[in-house]
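run32.cif follows; it contains mmCIF, C-alpha atoms.
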```
data_entry
loop_
_atom_site.group_PDB
_atom_site.id
_atom_site.type_symbol
_atom_site.label_atom_id
_atom_site.label_comp_id
_atom_site.auth_asym_id
_atom_site.auth_seq_id
_atom_site.Cartn_x
_atom_site.Cartn_y
_atom_site.Cartn_z
ATOM 1 C CA PHE D 24 46.561 -22.847 -16.283
ATOM 2 C CA LEU D 25 47.743 -19.350 -17.105
ATOM 3 C CA THR D 26 49.228 -18.654 -20.500
ATOM 4 C CA ASP D 27 52.489 -16.717 -20.809
ATOM 5 C CA THR D 28 50.458 -13.607 -21.643
ATOM 6 C CA ALA D 29 48.040 -14.079 -18.741
ATOM 7 C CA ARG D 30 50.957 -14.221 -16.298
ATOM 8 C CA LEU D 31 51.740 -10.601 -17.194
ATOM 9 C CA ALA D 32 48.195 -9.389 -16.494
ATOM 10 C CA ASP D 33 47.098 -7.415 -13.434
ATOM 11 C CA VAL D 34 43.588 -8.879 -13.721
ATOM 12 C CA VAL D 35 42.639 -12.300 -15.112
ATOM 13 C CA LEU D 36 38.957 -12.859 -15.878
ATOM 14 C CA PRO D 37 37.366 -16.335 -15.632
ATOM 15 C CA ILE D 38 36.260 -16.937 -19.225
ATOM 16 C CA SER D 39 34.597 -20.297 -19.729
ATOM 17 C CA SER D 40 35.692 -22.650 -22.483
ATOM 18 C CA ASN D 41 33.633 -23.502 -25.562
ATOM 19 C CA PHE D 42 32.513 -26.668 -23.781
ATOM 20 C CA GLU D 43 30.834 -24.569 -21.070
ATOM 21 C CA THR D 44 28.856 -22.151 -23.209
ATOM 22 C CA ASP D 45 26.741 -21.672 -26.315
ATOM 23 C CA GLY D 46 28.019 -19.476 -29.104
ATOM 24 C CA THR D 47 29.139 -19.031 -32.678
ATOM 25 C CA PHE D 48 32.425 -18.477 -34.488
ATOM 26 C CA VAL D 49 33.561 -17.751 -38.019
ATOM 27 C CA ASN D 50 36.209 -20.126 -39.359
ATOM 28 C CA TRP D 51 38.986 -19.253 -41.811
ATOM 29 C CA GLU D 52 36.738 -20.096 -44.749
ATOM 30 C CA GLY D 53 34.198 -17.466 -43.719
ATOM 31 C CA VAL D 54 31.686 -20.051 -42.473
ATOM 32 C CA ILE D 55 29.650 -19.239 -39.369
ATOM 33 C CA GLN D 56 29.325 -22.276 -37.118
ATOM 34 C CA LYS D 57 27.737 -22.792 -33.723
ATOM 35 C CA TYR D 58 28.853 -24.694 -30.651
ATOM 36 C CA THR D 59 26.600 -25.949 -27.874
ATOM 37 C CA LYS D 60 27.234 -26.087 -24.147
ATOM 38 C CA ALA D 61 28.204 -29.602 -23.060
ATOM 39 C CA ILE D 62 29.110 -29.183 -19.365
ATOM 40 C CA LYS D 63 28.325 -26.779 -16.534
ATOM 41 C CA ASN D 64 30.572 -23.791 -15.987
ATOM 42 C CA ILE D 65 33.631 -24.683 -13.928
ATOM 43 C CA GLY D 66 34.159 -22.616 -10.785
ATOM 44 C CA GLU D 67 33.414 -18.941 -11.322
ATOM 45 C CA SER D 68 33.885 -19.055 -15.091
ATOM 46 C CA MET D 69 31.327 -17.439 -17.366
ATOM 47 C CA PRO D 70 30.894 -16.865 -21.126
ATOM 48 C CA LEU D 71 32.942 -14.086 -22.695
ATOM 49 C CA TRP D 72 29.812 -12.175 -23.740
ATOM 50 C CA GLU D 73 28.625 -12.170 -20.129
ATOM 51 C CA ILE D 74 31.943 -10.804 -18.882
ATOM 52 C CA PHE D 75 31.862 -8.017 -21.488
ATOM 53 C CA THR D 76 28.272 -7.223 -20.514
ATOM 54 C CA LYS D 77 29.198 -6.957 -16.831
ATOM 55 C CA LEU D 78 32.241 -4.794 -17.618
ATOM 56 C CA ALA D 79 30.114 -2.518 -19.778
ATOM 57 C CA GLY D 80 27.666 -2.182 -16.888
ATOM 58 C CA VAL D 81 30.496 -1.029 -14.612
ATOM 59 C CA PHE D 82 31.111 1.812 -17.086
ATOM 60 C CA GLY D 83 27.421 2.666 -17.281
ATOM 61 C CA VAL D 84 26.744 1.042 -20.664
ATOM 62 C CA ASP D 85 23.889 -1.424 -21.119
ATOM 63 C CA PHE D 86 24.714 -3.998 -23.790
ATOM 64 C CA ASN D 87 21.268 -5.521 -23.235
ATOM 65 C CA PHE D 88 22.606 -9.051 -23.720
ATOM 66 C CA ARG D 89 20.889 -11.729 -21.639
ATOM 67 C CA THR D 90 21.750 -14.813 -23.699
ATOM 68 C CA ALA D 91 24.199 -15.881 -26.403
ATOM 69 C CA ASP D 92 21.279 -15.590 -28.835
ATOM 70 C CA ASP D 93 21.052 -11.866 -28.070
ATOM 71 C CA VAL D 94 24.669 -11.486 -29.151
ATOM 72 C CA PHE D 95 24.068 -13.462 -32.340
ATOM 73 C CA ARG D 96 21.019 -11.352 -33.260
ATOM 74 C CA GLN D 97 23.214 -8.248 -33.202
ATOM 75 C CA TYR D 98 25.285 -9.365 -36.183
ATOM 76 C CA ALA D 99 22.790 -11.718 -37.853
ATOM 77 C CA PRO D 100 21.695 -9.009 -40.364
ATOM 78 C CA ILE D 101 25.166 -8.904 -41.972
ATOM 79 C CA ILE D 102 25.118 -12.622 -42.759
ATOM 80 C CA GLY D 103 22.953 -12.110 -45.816
ATOM 81 C CA LYS D 104 19.529 -13.227 -46.926
ATOM 82 C CA HIS D 105 19.339 -16.503 -45.040
ATOM 83 C CA GLY D 106 16.364 -15.888 -42.729
ATOM 84 C CA ILE D 107 18.657 -16.740 -39.830
ATOM 85 C CA ASP D 108 17.963 -14.783 -36.653
ATOM 86 C CA ARG D 109 18.592 -17.352 -33.904
ATOM 87 C CA MET D 110 21.497 -19.715 -33.281
ATOM 88 C CA ALA D 111 19.090 -22.654 -33.301
ATOM 89 C CA THR D 112 18.356 -21.971 -36.976
ATOM 90 C CA ILE D 113 22.010 -22.291 -38.030
ATOM 91 C CA PRO D 114 22.368 -25.571 -39.956
ATOM 92 C CA GLU D 115 25.006 -28.123 -38.940
ATOM 93 C CA THR D 116 26.950 -27.279 -42.089
ATOM 94 C CA GLY D 117 27.161 -23.641 -40.998
ATOM 95 C CA ILE D 118 26.497 -20.509 -43.039
ATOM 96 C CA ARG D 119 28.940 -19.134 -45.554
ATOM 97 C CA PHE D 120 29.174 -15.363 -45.770
ATOM 98 C CA GLN D 121 27.815 -14.028 -49.040
ATOM 99 C CA LYS D 122 29.982 -12.377 -51.677
ATOM 100 C CA ARG D 123 31.566 -9.076 -50.778
ATOM 101 C CA LYS D 124 29.259 -7.159 -53.119
ATOM 102 C CA ASP D 125 26.322 -8.039 -50.846
ATOM 103 C CA TYR D 126 27.723 -5.892 -48.032
ATOM 104 C CA PRO D 127 27.990 -2.104 -47.850
ATOM 105 C CA ASP D 128 31.406 -0.537 -48.382
ATOM 106 C CA ILE D 129 32.408 1.209 -45.149
ATOM 107 C CA GLY D 130 35.048 3.285 -46.918
ATOM 108 C CA LEU D 131 38.174 1.822 -45.323
ATOM 109 C CA MET D 132 41.207 0.714 -47.308
ATOM 110 C CA PRO D 133 43.717 -1.772 -45.883
ATOM 111 C CA VAL D 134 47.202 -0.406 -45.358
ATOM 112 C CA SER D 135 49.807 -2.193 -47.444
ATOM 113 C CA TYR D 136 53.355 -2.710 -46.223
ATOM 114 C CA ARG D 137 56.384 -4.123 -47.933
ATOM 115 C CA GLN D 138 59.717 -4.275 -46.182
ATOM 116 C CA PRO D 139 62.506 -2.813 -48.319
ATOM 117 C CA SER D 140 64.647 -5.454 -49.950
ATOM 118 C CA SER D 141 68.333 -5.494 -49.148
ATOM 119 C CA GLU D 142 71.327 -7.169 -50.702
ATOM 120 C CA ASP D 143 72.474 -7.865 -47.150
ATOM 121 C CA LEU D 144 69.410 -10.082 -46.594
ATOM 122 C CA PRO D 145 69.682 -12.887 -49.138
ATOM 123 C CA LEU D 146 66.914 -15.090 -47.724
ATOM 124 C CA THR D 147 63.132 -14.805 -47.807
ATOM 125 C CA VAL D 148 61.432 -16.003 -44.617
ATOM 126 C CA LEU D 149 57.997 -17.590 -44.858
ATOM 127 C CA SER D 150 55.936 -18.147 -41.728
ATOM 128 C CA GLY D 151 52.824 -20.254 -41.308
ATOM 129 C CA ASN D 152 51.204 -23.224 -39.608
ATOM 130 C CA GLY D 153 53.206 -26.344 -38.961
ATOM 131 C CA ASP D 154 51.690 -29.819 -39.007
ATOM 132 C CA HIS D 155 51.350 -30.747 -35.355
ATOM 133 C CA HIS D 156 50.715 -27.727 -33.161
ATOM 134 C CA PHE D 157 48.251 -24.867 -32.779
ATOM 135 C CA SER D 158 50.130 -22.645 -30.341
ATOM 136 C CA ARG D 159 52.827 -22.926 -27.688
ATOM 137 C CA ASN D 160 50.403 -22.169 -24.863
ATOM 138 C CA PHE D 161 48.026 -24.985 -25.732
ATOM 139 C CA SER D 162 49.048 -27.821 -28.006
ATOM 140 C CA THR D 163 52.655 -28.013 -26.802
ATOM 141 C CA ARG D 164 51.229 -29.197 -23.482
ATOM 142 C CA CYS D 165 50.062 -32.360 -25.260
ATOM 143 C CA GLU D 166 52.613 -35.146 -24.844
ATOM 144 C CA SER D 167 51.388 -37.154 -27.837
ATOM 145 C CA LEU D 168 51.850 -34.163 -30.168
ATOM 146 C CA ASN D 169 55.264 -33.443 -28.700
ATOM 147 C CA ASN D 170 56.266 -36.982 -29.619
ATOM 148 C CA PHE D 171 55.940 -35.848 -33.245
ATOM 149 C CA LEU D 172 57.464 -32.400 -32.788
ATOM 150 C CA ALA D 173 58.418 -30.741 -29.516
ATOM 151 C CA ASP D 174 60.525 -27.763 -30.589
ATOM 152 C CA PRO D 175 60.376 -24.900 -33.079
ATOM 153 C CA TYR D 176 62.468 -25.238 -36.206
ATOM 154 C CA ILE D 177 63.817 -23.360 -39.204
ATOM 155 C CA ALA D 178 63.296 -25.294 -42.435
ATOM 156 C CA ILE D 179 65.973 -24.779 -45.089
ATOM 157 C CA ASN D 180 66.803 -26.140 -48.523
ATOM 158 C CA GLU D 181 69.368 -28.960 -48.669
ATOM 159 C CA LYS D 182 71.620 -26.973 -51.040
ATOM 160 C CA LEU D 183 71.649 -24.038 -48.634
ATOM 161 C CA ALA D 184 72.407 -26.431 -45.773
ATOM 162 C CA GLU D 185 75.302 -27.899 -47.728
ATOM 163 C CA ASP D 186 76.724 -24.494 -48.655
ATOM 164 C CA MET D 187 76.539 -23.268 -45.045
ATOM 165 C CA ILE D 188 77.695 -26.597 -43.559
ATOM 166 C CA ILE D 189 74.471 -27.104 -41.607
ATOM 167 C CA SER D 190 73.249 -30.526 -40.522
ATOM 168 C CA GLU D 191 69.677 -31.324 -39.551
ATOM 169 C CA GLY D 192 69.214 -30.615 -35.844
ATOM 170 C CA ASP D 193 71.931 -27.938 -35.672
ATOM 171 C CA LEU D 194 70.962 -24.723 -33.908
ATOM 172 C CA ILE D 195 70.920 -21.895 -36.443
ATOM 173 C CA LYS D 196 70.096 -18.206 -36.178
ATOM 174 C CA LEU D 197 68.014 -15.987 -38.471
ATOM 175 C CA GLU D 198 68.491 -12.282 -37.930
ATOM 176 C CA ASN D 199 67.517 -8.945 -39.454
ATOM 177 C CA SER D 200 66.942 -5.420 -38.175
ATOM 178 C CA SER D 201 63.587 -6.473 -36.666
ATOM 179 C CA GLY D 202 64.947 -9.241 -34.476
ATOM 180 C CA LYS D 203 66.345 -12.741 -34.443
ATOM 181 C CA ILE D 204 65.318 -16.339 -33.864
ATOM 182 C CA VAL D 205 67.388 -19.360 -32.889
ATOM 183 C CA ALA D 206 66.001 -22.831 -33.602
ATOM 184 C CA LYS D 207 66.926 -26.277 -34.866
ATOM 185 C CA ALA D 208 67.532 -26.707 -38.583
ATOM 186 C CA LEU D 209 65.143 -28.932 -40.508
ATOM 187 C CA ILE D 210 66.077 -29.756 -44.105
ATOM 188 C CA TRP D 211 63.267 -29.609 -46.666
ATOM 189 C CA PRO D 212 64.453 -30.577 -50.167
ATOM 190 C CA ASN D 213 61.450 -28.943 -51.869
ATOM 191 C CA LEU D 214 62.092 -25.451 -50.510
ATOM 192 C CA PRO D 215 63.602 -22.943 -52.942
ATOM 193 C CA GLU D 216 67.255 -22.357 -52.166
ATOM 194 C CA ASP D 217 66.755 -18.745 -51.049
ATOM 195 C CA VAL D 218 63.652 -19.410 -48.904
ATOM 196 C CA VAL D 219 63.402 -20.579 -45.290
ATOM 197 C CA PHE D 220 60.250 -21.518 -43.400
ATOM 198 C CA VAL D 221 59.513 -20.817 -39.729
ATOM 199 C CA PRO D 222 56.312 -22.188 -38.124
ATOM 200 C CA ASP D 223 54.339 -19.703 -36.056
ATOM 201 C CA ASN D 224 52.833 -22.383 -33.806
ATOM 202 C CA PHE D 225 55.482 -21.916 -31.119
ATOM 203 C CA ILE D 226 54.964 -18.196 -30.541
#
```

Render the structure in this file as structure tokens.
Amino acid sequence: FLTDTARLADVVLPISSNFETDGTFVNWEGVIQKYTKAIKNIGESMPLWEIFTKLAGVFGVDFNFRTADDVFRQYAPIIGKHGIDRMATIPETGIRFQKRKDYPDIGLMPVSYRQPSSEDLPLTVLSGNGDHHFSRNFSTRCESLNNFLADPYIAINEKLAEDMIISEGDLIKLENSSGKIVAKALIWPNLPEDVVFVPDNFI
């Protein structure tokens, strides 16, 4: 199926799923893990690295990648002193990146941003992962997960709900100069009174 973003594209490339290819990924803990091909490629699909290699060739650039191992060898040196140079040598537990001091400083500083506070905006909005979904394009297609939670929500403190005469399930709107969101109210007693929570899994 096409995601909402893919429907806007002029060209959609047939990238194979993780089940159809070998590769590695870095999880949120900074651990490099590998995945192994389990089924043949479906239709005309191919690994992402192969698509990038073919596109580079169209523009006259030779990435010199012939296998997923070739891609891994390119960044293996930054992992640290593990003696790991092939995907086959990655242990099942993965490899944790070494401490920052083990890597050269490339001289870039992250840009910090803080939105100006305003007396007209009395609430602080927190956004993060909810319990049941990964993203609208994928996990909301799963009926069993939708039985737990099918719609986005705005979680608010019970005191705030009482003051604003809001009942659980009411449609409420959050709005500032950047935009607005309308979703069902969900009452969380443990939230601070001036904080609301919006899951980002439905974007």

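If all atoms listed in the file are the atoms counted, then among D:Ala79, D:Ala91, D:Val49, D:Ile65 the closest residue to Arg119 (chain D) is D:Val49.
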
Running the PyMOL selection byres ((chain D and resi 73) around 10) on this model by hand, what would come out? Give it as a PyMOL selection string. chain D and resi 38+69-72+74-79+86+88-91+94

Quick one: pull the distance between CA of Ile204 (chain D) and CA of Val219 (chain D), Å, one decimal.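 Distance reported for this atom pair: 12.3 Å.
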
**Long-range neighbours of Val221 (chain D) as a VMD selection string, 9 Å cut-off, all atoms listed in the file, 5 positions minimum in chain** = chain D and resid 148 to 153 175 to 178

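CA of Val134 (chain D) is found 25.4 Å from CA of Tyr98 (chain D).
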
### Message
Translate the PyMOL selection byres ((chain D and resi 53) around 10) into a concrete residue list for this structure, as a ChimeraX atom specification.
### Response
/D:48-52,54-56,117-121

Practice problem: Would you kindly return, as a ChimeraX atom specification, each protein, DNA or RNA residue with an atom no farther than 12 Å from any atom of Leu25 (chain D), considering all atoms listed in the file and excluding same-chain residues fewer than 3 positions away? | Solution: /D:28-32,34-38,160-161

What gap, in Å, lies between CA of Asp92 (chain D) and CA of Ser40 (chain D)?
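Distance reported for this atom pair: 17.3 Å.
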
Skip Asp217 (chain D) itself and residues of its chain fewer than 2 positions away, then list as a list in words all residues within 10 Å of it, counting only C-alpha atoms.
Pro145, Leu146, Thr147, Val148, Ile179, Asn180, Lys182, Leu183, Leu214, Pro215 and Val219 of chain D

Checklist entry - Hey, what comes out of the PyMOL selection byres ((chain D and resi 194) around 12) on this file? Could you write it as a VMD selection string? => result chain D and resid 174 to 178 188 to 193 195 to 197 204 to 209

One residue among D:Asp143, D:Glu181, D:Ala61, D:Asn41 is nearest to Asn213 (chain D) when using only C-alpha atoms, and that residue is D:Glu181

Please return the centre and edge lengths, in Å to one decimal, of a box with edges along x, y and z that contains all listed atoms of region 178-197 of chain D, widened by 5 Å on every side, as AutoDock Vina command-line options.
```
--center_x 70.5 --center_y -23.7 --center_z -42.5 --size_x 24.4 --size_y 25.3 --size_z 27.1
```

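For the choices D:Asp154, D:Asp45, D:Asp85, D:Glu216, the atom-to-atom distance to Met110 (chain D) is smallest for D:Asp45 when using all atoms listed in the file.
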
**OP:** Skip Phe95 (chain D) itself and residues of its chain fewer than 5 positions away, then list as a PyMOL selection string all residues within 8 Å of it, counting all atoms listed in the file.
**Re:** chain D and resi 46-47+108-110
